[in-house]
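Q: Mind looking over this structure? Questions follow.
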2 protein chains.
Amino acid sequence: MFRLSIKHIVKLTIFQSKFLITDSSPKIQQKSNILYGKPIAERIIKRCQNECMEFIEKYQRHPKLVTILVGGNESSKLYVRNKQRIAERVGIEFHIINHLMHITPLNLFNTIQQLNNDDNIDGIILQLPLPLHLIDKTEQFINAIRSDKDIDAHSISNYNLYRQKSTSLITIPVVAAVREILLEINEPLQGKDIVIIGRSKYVGTPLALMLSQQTIESKYSLVSGATVTICHRDTHLDNLTWYCKHADIVISAVGRPKVVTHRMIKEGAIVIDIGISKSWTDKAVMHNRRFVGDVDFDEVKRIARWITPVPGGVGRVTVACLISNLLELARQRKKMK
Amino acid sequence: MFRLSIKHIVKLTIFQSKFLITDSSPKIQQKSNILYGKPIAERIIKRCQNECMEFIEKYQRHPKLVTILVGGNESSKLYVRNKQRIAERVGIEFHIINHLMHITPLNLFNTIQQLNNDDNIDGIILQLPLPLHLIDKTEQFINAIRSDKDIDAHSISNYNLYRQKSTSLITIPVVAAVREILLEINEPLQGKDIVIIGRSKYVGTPLALMLSQQTIESKYSLVSGATVTICHRDTHLDNLTWYCKHADIVISAVGRPKVVTHRMIKEGAIVIDIGISKSWTDKAVMHNRRFVGDVDFDEVKRIARWITPVPGGVGRVTVACLISNLLELARQRKKMK
């Protein structure tokens with residue numbers, strides 16, 4: 001766990017850049033600007049473990065999380081396993097309902113309804129993406145999940161609560177993860193220039209909303225008030241480079257390798273990599289680094305002040321935030337009764 | 001009504017800039033780049049008149065709009081009069097409920113409930129801003145309006161529908177107005193750089209969402225796919241200038257005079273002014289131009305390819321879009337029964 005003051009960071013950057021000029025293999029210094037997700041995730045998990053114990057003591061049962069998996073997508077299975085691992089470490093009962101690929105929409109709706117009505121289930125995850133014959137109805141399935149069990153915060157009402165800045169209990173996990181990472185860096189974003197690459201409904205767009213909104217007194221006041229540019233597939237490469245090169249923080253959520261290269265990053269910028277995709281290059285296979293982010297990590301880490309790795313960066317914190325959402329909603333639902 | 005092709009516009013711009021160098025009073029040419037709201041508004045009003053006649057024929061009554069006005073704010077009264085004028089031209093029954101300044105929250109809620117339950121009322125407007133003792137509850141009052149009568153599209157569910165790109169019937173009127181103006185200019189925004197100044201929940205933010213979202217085949221495909229930067233109070237002036245100077249389109253929704261000066265605008269850019277504030281300079285009073293926008297109009301119009309005036313620009317189209325929303329919701333509510 002680290003929390004450096006601005007002064008320290010500035011010194012570190014100056015030192016690093018000097019180092020880069022005079023030495024060709026500055027391994028230790030380079031490593032120090034990698035912002036691993038593990039310590040942040042572990043802190044959240046520890047808090048969750050305590051909250052989970054309190055829950056069990058109070059309600060005489062474990063919080064329960066059910067994941068609906070449709071078909072056999074390998075990546076989806078990997079994600080589900082990651083969630084299961086963390087959930088069980090925290091003390092949460094974790095179930096997987098693995099539907100066959102060719103399930104009908106009605107049957108899937110019925111599954112969701114049953115889970116909605118089961119009072120012993122505290123959280124429901126519908127693992128995305130759905131198979132092709134269901135993909136058009138994704139939004140309807142998501143909205144069918146009761147909002148007080150929708151720990152992904154995907155359903156209309158939660159998304160909306162989030163947007164309204166009002167008393168939203170939970171935040172979309174990946175958005176919460178970026179927030180935690182920025183809080184770890186501990187610099188106010190007010191007036192900073194941020195580029196977000198990707199405009200998806202559950203990642204890029206809510207991130208842009210969160211980071212640009214008015215800074216109000218709260219524990220999250222550090223992570224608002226930025227000038228945000230939303231770049232995406234329609235942004236010309238020249239313009240993307242131009243915006244990124246000027247940015248204090250670049251956040252990429254595209255899912256395509258090397259979207260962000262070292263030519264695009266300003267010296268001393270913060271680079272947060274949300275993208276994940278499979279790489280099939282010889283190097284990737286040889287080093288067993290098949291999952292890669294959007295950022296050309298090896299090159300960009302020489303320039304950036306902070307950079308999150310993939311894997312082991314945002315993804316790790318995201319799972320912890322998801323579990324934290326479950327506990328938050330479970331307690332709230334119990335209180336409401 | 002005008003609809004120029006890109007080719008014409010380019011020629012016009014070249015001609016204008018030459019003109020500016022050789023002649024100091026190019027009145028006619030200058031005027032030609034002013035994008036007045038009137039012809040656009042009139043087109044919408046004409047459509048509304050037809051729709052209104054059909055409604056009356058079918059349901060044997062006029063569509064009915066009620067505006068709740070609390071207190072005696074002069075600007076609010078002016079806005080309400082503008083809405084009334086257009087509504088009555090279209091054939092809509094327009095009522096004002098003018099509550100006294102010191103109305104209690106409960107009484108205001110009761111008024112909204114009564115209007116919600118009255119089947120002969122098709123649209124409800126709560127004129128903002130509310131007096132100081134109610135201002136904190138603004139969101140709650142707005143959310144109390146039935147979403148199928150909320151022609152301002154302010155309430156949670158409508159805002160949300162809008163965001164979800166799904167079958168939203170109506171759009172926040174000022175957002176719809178900007179859309180109509182951009183459609184009039186008739187250039188695809190895909191890949192264009194847009195700066196929005198202002199991040200308010202009902203203007204700046206939904207505009208950013210609309211203009212940046214993925215371009216899909218629809219009648220509005222021209223007005224999406226842009227790279228959008230959201231600037232605001234926390235953006236340093238240098239940065240604001242830097243972003244604006246690069247932008248193809250600058251949209252300002254601040255409500256402070258001369259936020260946008262000619263130094264910030266790229267030659268040939270489009271400038272859309274949503275801001276409105278009162279100016280008390282001698283010049284303003286002398287020329288009876290007390291309401292001004294955010295843009296230093298006289299200077300910027302020499303550089304911009306298109307510029308909307310205040311008054312007579314976005315505001316005019318906004319009122320027409322509001323009335324269009326009323327008819328849309330009224331018909332839909334009747335159909336649903």
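Residues are referred to by chain and number: the chain letter is A, B, ... according to the order shown in the structure tokens, the number counts from 1 in that chain, and ligands are numbered separately from 1 in the order shown.
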Output the contact residues of chain A with respect to chain B at a cut-off of 6 Å, based on only C-alpha atoms, as a list in words.

A: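 Written out as asked, the residues are Gly191, Gly225, Thr227, Val228, Thr229, Ile230, Cys231, Asp234 and Thr235 of chain A.
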
Q: Run DSSP on the backbone of this structure and report the residues of range 184-257 of chain A it assigns to helix (DSSP H, G or I), as a list of chain:residue names.

A: A:Glu184, A:Ile185, A:Gly204, A:Thr205, A:Pro206, A:Leu207, A:Ala208, A:Leu209, A:Met210, A:Leu211, A:Ser212, A:Ser221, A:Leu222, A:Val223, A:Leu237, A:Asp238, A:Asn239, A:Leu240, A:Thr241, A:Trp242, A:Tyr243, A:Cys244, A:Lys245, A:His246

Q: From a DSSP pass on the backbone, collect the residues of range 6-243 of chain A flagged as strand (DSSP E) and hand them back as a list of chain:residue names.

A: A:Lys64, A:Leu65, A:Val66, A:Thr67, A:Ile68, A:Leu69, A:Val70, A:Glu93, A:Phe94, A:His95, A:Ile96, A:Ile97, A:Asn98, A:His99, A:Gly123, A:Ile124, A:Ile125, A:Leu126, A:Asp193, A:Ile194, A:Val195, A:Ile196, A:Ile197, A:Thr227, A:Val228, A:Thr229, A:Ile230, A:Cys231

Q: For CA of Leu207 in chain A and CA of Ala176 in chain A, quote the distance in Å rounded to one decimal.

A: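 Going from CA of Leu207 in chain A over to CA of Ala176 in chain A, I get 9.0 Å.
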
Q: Quick one: everything within 12 Å of Tyr59 in chain A, counting only C-alpha atoms, minus sequence neighbours fewer than 2 positions away in the same chain. Send it as a list in words.

A: Cys52, Met53, Glu54, Phe55, Ile56, Glu57, Arg61, His62, Pro63, Asn120, Ala330, Arg331, Arg333, Lys334 and Lys335 of chain A

Q: Take the residues that were just selected and, keeping N, CA and C atoms, output them as a tab-separated table (two decimals), in the first residue's frame.

A:
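Wrote it out as again23.tsv, contents follow:
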```
chain	number	residue	atom	x	y	z
A	52	CYS	N	-18.70	-8.59	6.20
A	52	CYS	CA	-19.35	-9.87	5.99
A	52	CYS	C	-19.54	-10.58	7.34
A	53	MET	N	-18.52	-10.53	8.18
A	53	MET	CA	-18.64	-11.15	9.51
A	53	MET	C	-19.78	-10.52	10.30
A	54	GLU	N	-19.86	-9.21	10.24
A	54	GLU	CA	-20.96	-8.51	10.93
A	54	GLU	C	-22.31	-8.98	10.40
A	55	PHE	N	-22.39	-9.10	9.09
A	55	PHE	CA	-23.63	-9.54	8.45
A	55	PHE	C	-24.03	-10.93	8.95
A	56	ILE	N	-23.05	-11.83	8.95
A	56	ILE	CA	-23.32	-13.22	9.35
A	56	ILE	C	-23.79	-13.26	10.81
A	57	GLU	N	-23.10	-12.48	11.64
A	57	GLU	CA	-23.47	-12.43	13.06
A	57	GLU	C	-24.90	-11.94	13.24
A	61	ARG	N	-26.76	-15.88	8.60
A	61	ARG	CA	-26.52	-16.56	7.32
A	61	ARG	C	-25.46	-15.79	6.53
A	62	HIS	N	-24.87	-16.50	5.55
A	62	HIS	CA	-23.88	-15.83	4.70
A	62	HIS	C	-24.60	-15.00	3.63
A	63	PRO	N	-24.03	-13.86	3.26
A	63	PRO	CA	-24.57	-13.17	2.08
A	63	PRO	C	-24.43	-14.10	0.87
A	120	ASN	N	-33.29	-15.04	0.13
A	120	ASN	CA	-31.95	-15.37	0.62
A	120	ASN	C	-30.85	-15.02	-0.37
A	330	ALA	N	-26.86	-5.83	0.26
A	330	ALA	CA	-27.42	-6.84	1.16
A	330	ALA	C	-27.82	-6.19	2.49
A	331	ARG	N	-26.91	-5.39	3.05
A	331	ARG	CA	-27.23	-4.74	4.32
A	331	ARG	C	-28.40	-3.79	4.18
A	333	ARG	N	-30.86	-3.86	2.04
A	333	ARG	CA	-32.12	-4.57	1.83
A	333	ARG	C	-32.65	-5.12	3.15
A	334	LYS	N	-31.72	-5.59	3.96
A	334	LYS	CA	-32.12	-6.11	5.28
A	334	LYS	C	-32.67	-4.99	6.16
A	335	LYS	N	-31.99	-3.84	6.08
A	335	LYS	CA	-32.42	-2.69	6.89
A	335	LYS	C	-33.81	-2.22	6.50
```
